[in-house]
Every structure is written in structure tokens, then in C-alpha cells.
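So this block is entry_10.cif, mmCIF, C-alpha atoms:
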data_target
#
loop_
_atom_site.group_PDB
_atom_site.id
_atom_site.type_symbol
_atom_site.label_atom_id
_atom_site.label_comp_id
_atom_site.auth_asym_id
_atom_site.auth_seq_id
_atom_site.Cartn_x
_atom_site.Cartn_y
_atom_site.Cartn_z
ATOM 1 C CA MET A 1 44.404 -12.138 -39.440
ATOM 2 C CA VAL A 2 45.463 -9.386 -37.041
ATOM 3 C CA PHE A 3 43.529 -6.219 -36.171
ATOM 4 C CA TRP A 4 44.363 -3.171 -34.077
ATOM 5 C CA ASN A 5 41.675 -2.009 -31.703
ATOM 6 C CA PRO A 6 41.348 1.698 -30.759
ATOM 7 C CA GLY A 7 43.367 1.089 -27.609
ATOM 8 C CA GLY A 8 46.384 -0.012 -29.619
ATOM 9 C CA ILE A 9 46.188 -3.647 -28.532
ATOM 10 C CA VAL A 10 46.863 -6.267 -31.163
ATOM 11 C CA VAL A 11 44.028 -8.765 -31.474
ATOM 12 C CA ALA A 12 44.518 -11.973 -33.443
ATOM 13 C CA VAL A 13 41.362 -13.127 -35.192
ATOM 14 C CA THR A 14 41.221 -16.647 -36.596
ATOM 15 C CA HIS A 15 39.270 -17.699 -39.657
ATOM 16 C CA ARG A 16 36.921 -19.648 -37.379
ATOM 17 C CA MET A 17 36.233 -16.529 -35.281
ATOM 18 C CA VAL A 18 35.384 -14.553 -38.431
ATOM 19 C CA CYS A 19 32.989 -17.306 -39.562
ATOM 20 C CA GLU A 20 31.325 -17.336 -36.134
ATOM 21 C CA MET A 21 30.924 -13.554 -36.154
ATOM 22 C CA LEU A 22 29.394 -13.647 -39.629
ATOM 23 C CA TYR A 23 27.044 -16.444 -38.502
ATOM 24 C CA LEU A 24 25.937 -14.462 -35.456
ATOM 25 C CA LYS A 25 25.330 -11.426 -37.652
ATOM 26 C CA GLU A 26 23.276 -13.557 -40.021
ATOM 27 C CA ILE A 27 21.027 -15.033 -37.368
ATOM 28 C CA THR A 28 20.172 -11.563 -36.041
ATOM 29 C CA MET A 29 18.139 -11.074 -39.238
ATOM 30 C CA VAL A 30 14.756 -12.314 -38.039
ATOM 31 C CA TYR A 31 11.365 -12.136 -39.713
ATOM 32 C CA LYS A 32 7.933 -13.092 -38.477
ATOM 33 C CA TYR A 33 4.545 -13.984 -39.882
ATOM 34 C CA PHE A 34 1.074 -14.498 -38.436
ATOM 35 C CA TYR A 35 -1.111 -17.544 -39.018
ATOM 36 C CA LYS A 36 -4.831 -17.574 -38.249
ATOM 37 C CA THR A 37 -5.770 -20.933 -36.763
ATOM 38 C CA PRO A 38 -9.198 -22.615 -36.795
ATOM 39 C CA ALA A 39 -11.568 -22.110 -33.876
ATOM 40 C CA GLY A 40 -10.424 -23.825 -30.702
ATOM 41 C CA PHE A 41 -6.743 -22.899 -31.038
ATOM 42 C CA SER A 42 -4.744 -19.804 -30.229
ATOM 43 C CA ASP A 43 -3.342 -18.128 -33.334
ATOM 44 C CA ILE A 44 0.236 -18.878 -34.359
ATOM 45 C CA LEU A 45 3.332 -16.788 -35.000
ATOM 46 C CA MET A 46 6.467 -17.956 -36.782
ATOM 47 C CA ASN A 47 10.056 -16.748 -37.130
ATOM 48 C CA SER A 48 12.581 -17.164 -39.914
ATOM 49 C CA ASP A 49 16.174 -16.136 -40.585
ATOM 50 C CA GLY A 50 15.171 -15.364 -44.158
ATOM 51 C CA GLU A 51 15.626 -18.902 -45.479
ATOM 52 C CA TYR A 52 14.692 -21.378 -42.757
ATOM 53 C CA LEU A 53 11.842 -21.621 -40.280
ATOM 54 C CA THR A 54 13.435 -21.001 -36.868
ATOM 55 C CA GLY A 55 10.416 -20.650 -34.604
ATOM 56 C CA LEU A 56 6.730 -21.558 -34.415
ATOM 57 C CA TRP A 57 4.559 -20.911 -31.364
ATOM 58 C CA PHE A 58 1.067 -20.123 -30.122
ATOM 59 C CA GLN A 59 0.520 -16.407 -29.755
ATOM 60 C CA GLY A 60 0.350 -15.197 -26.168
ATOM 61 C CA SER A 61 1.667 -18.453 -24.730
ATOM 62 C CA ARG A 62 4.647 -18.903 -22.419
ATOM 63 C CA ASP A 63 6.627 -20.048 -25.461
ATOM 64 C CA GLU A 64 6.443 -16.534 -26.882
ATOM 65 C CA LEU A 65 9.200 -15.484 -24.460
ATOM 66 C CA LYS A 66 11.650 -17.695 -26.406
ATOM 67 C CA HIS A 67 11.083 -15.946 -29.724
ATOM 68 C CA VAL A 68 11.526 -12.625 -31.521
ATOM 69 C CA THR A 69 8.338 -10.623 -31.980
ATOM 70 C CA ASN A 70 9.777 -7.143 -32.532
ATOM 71 C CA CYS A 71 10.890 -7.732 -36.114
ATOM 72 C CA GLU A 72 9.767 -7.249 -39.704
ATOM 73 C CA GLU A 73 6.699 -9.128 -40.893
ATOM 74 C CA ARG A 74 7.308 -10.544 -44.366
ATOM 75 C CA LEU A 75 5.700 -13.403 -46.295
ATOM 76 C CA LEU A 76 8.845 -15.372 -47.108
ATOM 77 C CA PRO A 77 8.856 -18.569 -49.215
ATOM 78 C CA VAL A 78 9.502 -20.668 -46.088
ATOM 79 C CA PHE A 79 6.494 -19.034 -44.406
ATOM 80 C CA LYS A 80 4.356 -19.957 -47.442
ATOM 81 C CA ASP A 81 5.522 -23.567 -47.080
ATOM 82 C CA THR A 82 4.812 -23.495 -43.349
ATOM 83 C CA ILE A 83 1.324 -22.120 -43.955
ATOM 84 C CA ARG A 84 0.680 -24.895 -46.463
ATOM 85 C CA TRP A 85 1.875 -27.441 -43.883
ATOM 86 C CA LEU A 86 -0.357 -25.955 -41.182
ATOM 87 C CA ASN A 87 -3.360 -25.839 -43.520
ATOM 88 C CA GLN A 88 -2.966 -29.561 -44.203
ATOM 89 C CA TYR A 89 -2.466 -30.330 -40.522
ATOM 90 C CA PHE A 90 -5.449 -28.331 -39.252
ATOM 91 C CA SER A 91 -7.596 -29.943 -41.946
ATOM 92 C CA GLY A 92 -7.022 -33.211 -40.084
ATOM 93 C CA ASN A 93 -4.415 -34.598 -42.464
ATOM 94 C CA LEU A 94 -0.816 -35.652 -41.945
ATOM 95 C CA PRO A 95 1.260 -33.289 -44.137
ATOM 96 C CA ASP A 96 3.347 -35.078 -46.763
ATOM 97 C CA PHE A 97 6.325 -32.713 -46.571
ATOM 98 C CA MET A 98 8.306 -30.636 -44.069
ATOM 99 C CA PRO A 99 9.113 -26.934 -44.340
ATOM 100 C CA LYS A 100 12.834 -26.179 -44.247
ATOM 101 C CA TYR A 101 13.753 -25.484 -40.645
ATOM 102 C CA ARG A 102 16.855 -24.749 -38.622
ATOM 103 C CA ILE A 103 17.134 -25.072 -34.863
ATOM 104 C CA ASN A 104 19.559 -22.596 -33.333
ATOM 105 C CA GLY A 105 21.301 -23.549 -30.086
ATOM 106 C CA LEU A 106 20.887 -27.263 -30.710
ATOM 107 C CA THR A 107 23.050 -29.327 -28.349
ATOM 108 C CA ASP A 108 23.730 -33.029 -28.867
ATOM 109 C CA PHE A 109 21.236 -33.929 -26.129
ATOM 110 C CA ARG A 110 18.526 -31.630 -27.476
ATOM 111 C CA LYS A 111 19.033 -33.101 -30.943
ATOM 112 C CA GLU A 112 18.545 -36.608 -29.560
ATOM 113 C CA VAL A 113 15.268 -35.533 -27.944
ATOM 114 C CA VAL A 114 14.125 -33.723 -31.093
ATOM 115 C CA ASP A 115 14.887 -36.843 -33.134
ATOM 116 C CA GLN A 116 12.752 -38.911 -30.754
ATOM 117 C CA MET A 117 9.860 -36.442 -30.988
ATOM 118 C CA LEU A 118 9.993 -36.570 -34.783
ATOM 119 C CA ARG A 119 9.611 -40.372 -34.584
ATOM 120 C CA ILE A 120 6.300 -40.193 -32.685
ATOM 121 C CA PRO A 121 3.572 -41.143 -35.187
ATOM 122 C CA TYR A 122 0.628 -38.850 -35.820
ATOM 123 C CA GLY A 123 -2.159 -39.723 -33.394
ATOM 124 C CA GLU A 124 0.100 -41.368 -30.815
ATOM 125 C CA VAL A 125 1.782 -40.191 -27.616
ATOM 126 C CA VAL A 126 4.837 -41.190 -25.593
ATOM 127 C CA THR A 127 5.893 -40.197 -22.107
ATOM 128 C CA TYR A 128 8.973 -38.279 -21.004
ATOM 129 C CA GLY A 129 9.979 -41.492 -19.272
ATOM 130 C CA ASN A 130 9.678 -43.472 -22.518
ATOM 131 C CA ILE A 131 12.117 -41.119 -24.238
ATOM 132 C CA ALA A 132 14.463 -41.229 -21.228
ATOM 133 C CA GLU A 133 14.514 -45.040 -21.417
ATOM 134 C CA ILE A 134 15.326 -44.997 -25.143
ATOM 135 C CA LEU A 135 18.178 -42.546 -24.644
ATOM 136 C CA ALA A 136 19.504 -44.519 -21.664
ATOM 137 C CA LYS A 137 19.670 -47.642 -23.831
ATOM 138 C CA LYS A 138 21.563 -45.719 -26.495
ATOM 139 C CA ARG A 139 24.023 -44.760 -23.767
ATOM 140 C CA LYS A 140 24.400 -48.426 -22.810
ATOM 141 C CA GLY A 141 22.354 -48.151 -19.650
ATOM 142 C CA ARG A 142 23.628 -44.821 -18.376
ATOM 143 C CA LYS A 143 20.851 -43.286 -16.306
ATOM 144 C CA MET A 144 18.687 -40.672 -17.975
ATOM 145 C CA SER A 145 16.013 -38.711 -16.119
ATOM 146 C CA ALA A 146 12.549 -37.913 -17.392
ATOM 147 C CA ARG A 147 13.071 -34.420 -15.964
ATOM 148 C CA ALA A 148 16.062 -33.805 -18.257
ATOM 149 C CA VAL A 149 14.006 -34.985 -21.218
ATOM 150 C CA GLY A 150 11.179 -32.693 -20.145
ATOM 151 C CA GLY A 151 13.543 -29.731 -20.183
ATOM 152 C CA ALA A 152 14.652 -30.516 -23.736
ATOM 153 C CA VAL A 153 11.064 -31.087 -24.899
ATOM 154 C CA GLY A 154 10.001 -27.774 -23.363
ATOM 155 C CA TRP A 155 12.900 -26.004 -25.082
ATOM 156 C CA ASN A 156 11.636 -27.026 -28.549
ATOM 157 C CA PRO A 157 11.337 -23.795 -30.587
ATOM 158 C CA ILE A 158 9.164 -25.202 -33.401
ATOM 159 C CA CYS A 159 5.907 -26.521 -32.011
ATOM 160 C CA ILE A 160 3.515 -28.857 -33.875
ATOM 161 C CA ILE A 161 5.965 -29.528 -36.732
ATOM 162 C CA ILE A 162 8.352 -30.925 -34.129
ATOM 163 C CA PRO A 163 5.513 -32.542 -32.178
ATOM 164 C CA CYS A 164 6.283 -31.864 -28.526
ATOM 165 C CA HIS A 165 2.509 -31.987 -27.894
ATOM 166 C CA ARG A 166 2.739 -35.776 -28.354
ATOM 167 C CA VAL A 167 4.904 -36.100 -25.248
ATOM 168 C CA VAL A 168 2.933 -36.497 -22.019
ATOM 169 C CA GLY A 169 3.622 -37.223 -18.388
ATOM 170 C CA LYS A 170 3.416 -40.532 -16.579
ATOM 171 C CA ASN A 171 -0.077 -42.049 -16.574
ATOM 172 C CA HIS A 172 -1.078 -39.646 -19.349
ATOM 173 C CA PHE A 173 -0.835 -36.505 -17.253
ATOM 174 C CA LEU A 174 -0.813 -33.399 -19.428
ATOM 175 C CA THR A 175 1.858 -31.160 -17.982
ATOM 176 C CA GLY A 176 4.401 -28.548 -18.923
ATOM 177 C CA TYR A 177 3.294 -27.494 -22.407
ATOM 178 C CA GLY A 178 4.703 -24.057 -23.183
ATOM 179 C CA GLY A 179 2.070 -23.490 -25.864
ATOM 180 C CA GLY A 180 -0.708 -23.688 -23.302
ATOM 181 C CA LEU A 181 -2.579 -26.696 -21.950
ATOM 182 C CA GLU A 182 -5.773 -25.948 -23.881
ATOM 183 C CA ASN A 183 -3.850 -25.867 -27.144
ATOM 184 C CA LYS A 184 -2.187 -29.181 -26.281
ATOM 185 C CA LYS A 185 -5.588 -30.744 -25.602
ATOM 186 C CA ALA A 186 -6.937 -29.349 -28.878
ATOM 187 C CA LEU A 187 -3.977 -30.742 -30.837
ATOM 188 C CA LEU A 188 -4.395 -34.191 -29.316
ATOM 189 C CA ALA A 189 -8.138 -34.111 -30.029
ATOM 190 C CA LEU A 190 -7.451 -33.069 -33.631
ATOM 191 C CA GLU A 191 -5.211 -36.119 -34.006
ATOM 192 C CA GLY A 192 -8.032 -38.387 -32.876
ATOM 193 C CA HIS A 193 -7.455 -38.800 -29.150
ATOM 194 C CA ASN A 194 -10.269 -39.060 -26.668
ATOM 195 C CA LEU A 195 -9.341 -36.456 -24.066
ATOM 196 C CA ASP A 196 -10.814 -38.670 -21.340
ATOM 197 C CA GLU A 197 -7.598 -40.697 -21.727
ATOM 198 C CA PHE A 198 -5.678 -37.819 -20.177
ATOM 199 C CA SER A 199 -5.721 -35.930 -16.911
ATOM 200 C CA THR A 200 -4.258 -32.660 -15.731
ATOM 201 C CA LYS A 201 -1.837 -32.468 -12.836
ATOM 202 C CA ILE A 202 -2.760 -29.664 -10.440
#
Take the structure in the file and write it out as C-alpha cells.
Amino acid sequence: MVFWNPGGIVVAVTHRMVCEMLYLKEITMVYKYFYKTPAGFSDILMNSDGEYLTGLWFQGSRDELKHVTNCEERLLPVFKDTIRWLNQYFSGNLPDFMPKYRINGLTDFRKEVVDQMLRIPYGEVVTYGNIAEILAKKRKGRKMSARAVGGAVGWNPICIIIPCHRVVGKNHFLTGYGGGLENKKALLALEGHNLDEFSTKI
């Protein structure tokens, strides 16, 4: 397809470019909803593009900077599913389903890290170094740093459901949780951990 711009310059637009523009327009439609957590946790906010869950974070945390808060609040079907998931989780149970979610800006490396986080069983933890070692083996020994893994874990836009709280530092140091250290401790305690197992790096 060919379009004229107001300056009289011919601009060729491919089918792929049109699809990308429509996609970008679609993802600008963002909705939010509020979830009241039990005592001991900050409350939660969530984002959706109208069909999928695209963000979940603790209100007032550093993670909030990654999400859209100035948008319409609407109780969408995916928010109802997410609330049901959170109700099961905060009741101390492992939910038996997953809300539909979509992760925007997902690179191949981030997807690998997300996949590893989703494999961490409820009530267990792994270190950034553990994930780095697994990914290095998949790359046939190519070096992978725990720092790079930490960056991808910290980027995670959907907390709890994609359980970045189950990733800890070396020797069980609790570091770098964008949802707030107290929330991370509370999540680990909810899943049955004795918090004396962990320490906080100053």
C-alpha cells in the first residue's frame, strides 16, 4: 500500500507495518482493577488489554512504575479469573488454573527466565545462580550471569502468578524484589517457609 503524507512525500506501507500499527493501537487500551489482600500484604492492582492479564503488582511498590495506573477501572472477565486465582492463593492453596495472560515486550531471554520461574514448585525457592546455570547448560556451556537473570526476573510484569518471589540470592539472601521486601517475605511465609532460613542483604 502507498500513502501520501501532507508534505507530498510518498510513503510505502507494508502489510506487516499495518499489522504492527494496529497491534500498538490495541495494546494502548489498558484497564485496571483493585484487589484487597489479606492483612500482612500490600494491596494489589492489575492491568489488562481487555482480554488478557498484562500486569499484576503490589500497590505503592517500585513495580508500580512499570504499569499503567491512569486508566479505566473495569471488572473484566480476566480480572474475575485473576481474583479467583488470588483468593485461592491467599487462602493457602495452590490454584488449579491460570488466568489468561499476555506478556508484552517479551524477548527470547526473558521468556526463558519466565519459563524457569513457572517451573519453581509452590513452597520452594531457587537462586538467580541456579537459573543462570540451567540456561548456560541449554546454551551448551555458554556463560550466563546471575546478574542478567536478576534483571529478567525483576522485569517480570505479573507478580505472584509468575512467581518471581521464589527466586532468591545466593545463600538465601532476599534481594531486589520490586514488589517490596516485606511482601516477598510474606509470600514465602504463606507458602510455608520459615523466614529464619533467609537473610536480608544491607
For Leu135 (chain A): contacts at 9 Å, only C-alpha atoms, fewer than 5 positions along chain excluded, given as a VMD selection string: chain A and resid 112 to 113 116 130 140 to 144
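Remark: for Val125 (chain A), the closest of the candidate residues A:Arg110, A:His193, A:Lys138, A:Arg74 is A:His193 (distances computed over all atoms listed in the file).
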With distances taken over all atoms listed in the file, which residue among A:Arg62, A:Arg102, A:His67, A:Lys36 lies nearest Leu86 (chain A)?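 Once distances to Leu86 (chain A) are computed over all atoms listed in the file, the minimum belongs to A:Lys36.
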So, with all atoms listed in the file as the atoms that count, which of A:Gly178, A:Gly40, A:Pro163, A:Gly169 lies closest to Phe198 (chain A)?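 Between A:Gly178, A:Gly40, A:Pro163, A:Gly169, the residue approaching Phe198 (chain A) most closely is A:Gly169.
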Pairwise distance for CA of Gly55 (chain A) and CA of Glu72 (chain A), rounded to one decimal in Å: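 According to the coordinates, CA of Gly55 (chain A) and CA of Glu72 (chain A) are separated by 14.4 Å.
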Using all atoms listed in the file, determine which residues lie at most 7 Å from Cys159 (chain A), disregarding the query and same-chain residues fewer than 5 positions distant; provide the list as number ranges by chain. A: 56-57, 164
Pairwise distance for CA of Asp115 (chain A) and CA of Gly176 (chain A), rounded to one decimal in Å: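 Here the two named atoms are 19.5 Å from each other.
Of note, CA of Asp43 (chain A) and CA of Gln59 (chain A) are spaced 5.5 Å apart.
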Between A:Leu75, A:Leu190, A:Val30, A:Leu174, which has the minimum distance to Ser48 (chain A) (counting all atoms listed in the file)?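 Checking each of A:Leu75, A:Leu190, A:Val30, A:Leu174 against Ser48 (chain A), counting all atoms listed in the file, the winner is A:Val30.
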Completion of region 81-102 of chain A up to N, CA, C and O atoms, as an mmCIF file, in the frame of the given file:
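After the write, rebuild.cif holds the following:
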data_model
loop_
_atom_site.group_PDB
_atom_site.id
_atom_site.type_symbol
_atom_site.label_atom_id
_atom_site.label_comp_id
_atom_site.auth_asym_id
_atom_site.auth_seq_id
_atom_site.Cartn_x
_atom_site.Cartn_y
_atom_site.Cartn_z
ATOM 1 N N ASP A 81 5.485 -22.115 -47.254
ATOM 2 C CA ASP A 81 5.522 -23.567 -47.080
ATOM 3 C C ASP A 81 4.964 -23.972 -45.716
ATOM 4 O O ASP A 81 4.241 -24.968 -45.595
ATOM 5 N N THR A 82 5.295 -23.189 -44.696
ATOM 6 C CA THR A 82 4.812 -23.495 -43.349
ATOM 7 C C THR A 82 3.293 -23.339 -43.273
ATOM 8 O O THR A 82 2.609 -24.157 -42.650
ATOM 9 N N ILE A 83 2.778 -22.317 -43.914
ATOM 10 C CA ILE A 83 1.324 -22.120 -43.955
ATOM 11 C C ILE A 83 0.642 -23.284 -44.665
ATOM 12 O O ILE A 83 -0.397 -23.789 -44.210
ATOM 13 N N ARG A 84 1.241 -23.737 -45.744
ATOM 14 C CA ARG A 84 0.680 -24.895 -46.463
ATOM 15 C C ARG A 84 0.694 -26.131 -45.566
ATOM 16 O O ARG A 84 -0.269 -26.905 -45.527
ATOM 17 N N TRP A 85 1.784 -26.318 -44.821
ATOM 18 C CA TRP A 85 1.875 -27.441 -43.883
ATOM 19 C C TRP A 85 0.792 -27.334 -42.813
ATOM 20 O O TRP A 85 0.092 -28.318 -42.513
ATOM 21 N N LEU A 86 0.644 -26.151 -42.242
ATOM 22 C CA LEU A 86 -0.357 -25.955 -41.182
ATOM 23 C C LEU A 86 -1.773 -26.126 -41.717
ATOM 24 O O LEU A 86 -2.638 -26.680 -41.025
ATOM 25 N N ASN A 87 -2.027 -25.656 -42.936
ATOM 26 C CA ASN A 87 -3.360 -25.839 -43.520
ATOM 27 C C ASN A 87 -3.700 -27.323 -43.647
ATOM 28 O O ASN A 87 -4.829 -27.741 -43.340
ATOM 29 N N GLN A 88 -2.729 -28.117 -44.100
ATOM 30 C CA GLN A 88 -2.966 -29.561 -44.203
ATOM 31 C C GLN A 88 -3.197 -30.155 -42.821
ATOM 32 O O GLN A 88 -4.113 -30.964 -42.628
ATOM 33 N N TYR A 89 -2.360 -29.765 -41.869
ATOM 34 C CA TYR A 89 -2.466 -30.330 -40.522
ATOM 35 C C TYR A 89 -3.808 -29.993 -39.885
ATOM 36 O O TYR A 89 -4.489 -30.880 -39.339
ATOM 37 N N PHE A 90 -4.202 -28.732 -39.910
ATOM 38 C CA PHE A 90 -5.449 -28.331 -39.252
ATOM 39 C C PHE A 90 -6.687 -28.793 -40.010
ATOM 40 O O PHE A 90 -7.797 -28.708 -39.484
ATOM 41 N N SER A 91 -6.489 -29.312 -41.225
ATOM 42 C CA SER A 91 -7.596 -29.943 -41.946
ATOM 43 C C SER A 91 -7.773 -31.397 -41.515
ATOM 44 O O SER A 91 -8.647 -32.099 -42.035
ATOM 45 N N GLY A 92 -6.918 -31.847 -40.587
ATOM 46 C CA GLY A 92 -7.022 -33.211 -40.084
ATOM 47 C C GLY A 92 -6.206 -34.214 -40.864
ATOM 48 O O GLY A 92 -6.428 -35.428 -40.739
ATOM 49 N N ASN A 93 -5.252 -33.714 -41.655
ATOM 50 C CA ASN A 93 -4.415 -34.598 -42.464
ATOM 51 C C ASN A 93 -2.964 -34.541 -41.993
ATOM 52 O O ASN A 93 -2.513 -33.525 -41.457
ATOM 53 N N LEU A 94 -2.241 -35.632 -42.231
ATOM 54 C CA LEU A 94 -0.816 -35.652 -41.945
ATOM 55 C C LEU A 94 -0.092 -35.063 -43.148
ATOM 56 O O LEU A 94 -0.143 -35.615 -44.237
ATOM 57 N N PRO A 95 0.566 -33.903 -42.990
ATOM 58 C CA PRO A 95 1.260 -33.289 -44.137
ATOM 59 C C PRO A 95 2.294 -34.234 -44.735
ATOM 60 O O PRO A 95 2.939 -35.017 -44.026
ATOM 61 N N ASP A 96 2.445 -34.164 -46.061
ATOM 62 C CA ASP A 96 3.347 -35.078 -46.763
ATOM 63 C C ASP A 96 4.704 -34.451 -47.070
ATOM 64 O O ASP A 96 5.439 -34.932 -47.930
ATOM 65 N N PHE A 97 5.036 -33.369 -46.388
ATOM 66 C CA PHE A 97 6.325 -32.713 -46.571
ATOM 67 C C PHE A 97 6.653 -31.950 -45.294
ATOM 68 O O PHE A 97 5.814 -31.825 -44.402
ATOM 69 N N MET A 98 7.892 -31.450 -45.213
ATOM 70 C CA MET A 98 8.306 -30.636 -44.069
ATOM 71 C C MET A 98 8.853 -29.313 -44.577
ATOM 72 O O MET A 98 9.659 -29.297 -45.524
ATOM 73 N N PRO A 99 8.462 -28.193 -43.988
ATOM 74 C CA PRO A 99 9.113 -26.934 -44.340
ATOM 75 C C PRO A 99 10.597 -27.001 -43.940
ATOM 76 O O PRO A 99 10.968 -27.738 -43.025
ATOM 77 N N LYS A 100 11.423 -26.247 -44.627
ATOM 78 C CA LYS A 100 12.834 -26.179 -44.247
ATOM 79 C C LYS A 100 12.945 -25.483 -42.895
ATOM 80 O O LYS A 100 12.428 -24.384 -42.719
ATOM 81 N N TYR A 101 13.593 -26.130 -41.944
ATOM 82 C CA TYR A 101 13.753 -25.484 -40.645
ATOM 83 C C TYR A 101 15.181 -25.610 -40.156
ATOM 84 O O TYR A 101 15.938 -26.494 -40.577
ATOM 85 N N ARG A 102 15.548 -24.698 -39.273
ATOM 86 C CA ARG A 102 16.855 -24.749 -38.622
ATOM 87 C C ARG A 102 16.646 -24.448 -37.149
ATOM 88 O O ARG A 102 15.947 -23.501 -36.796
#
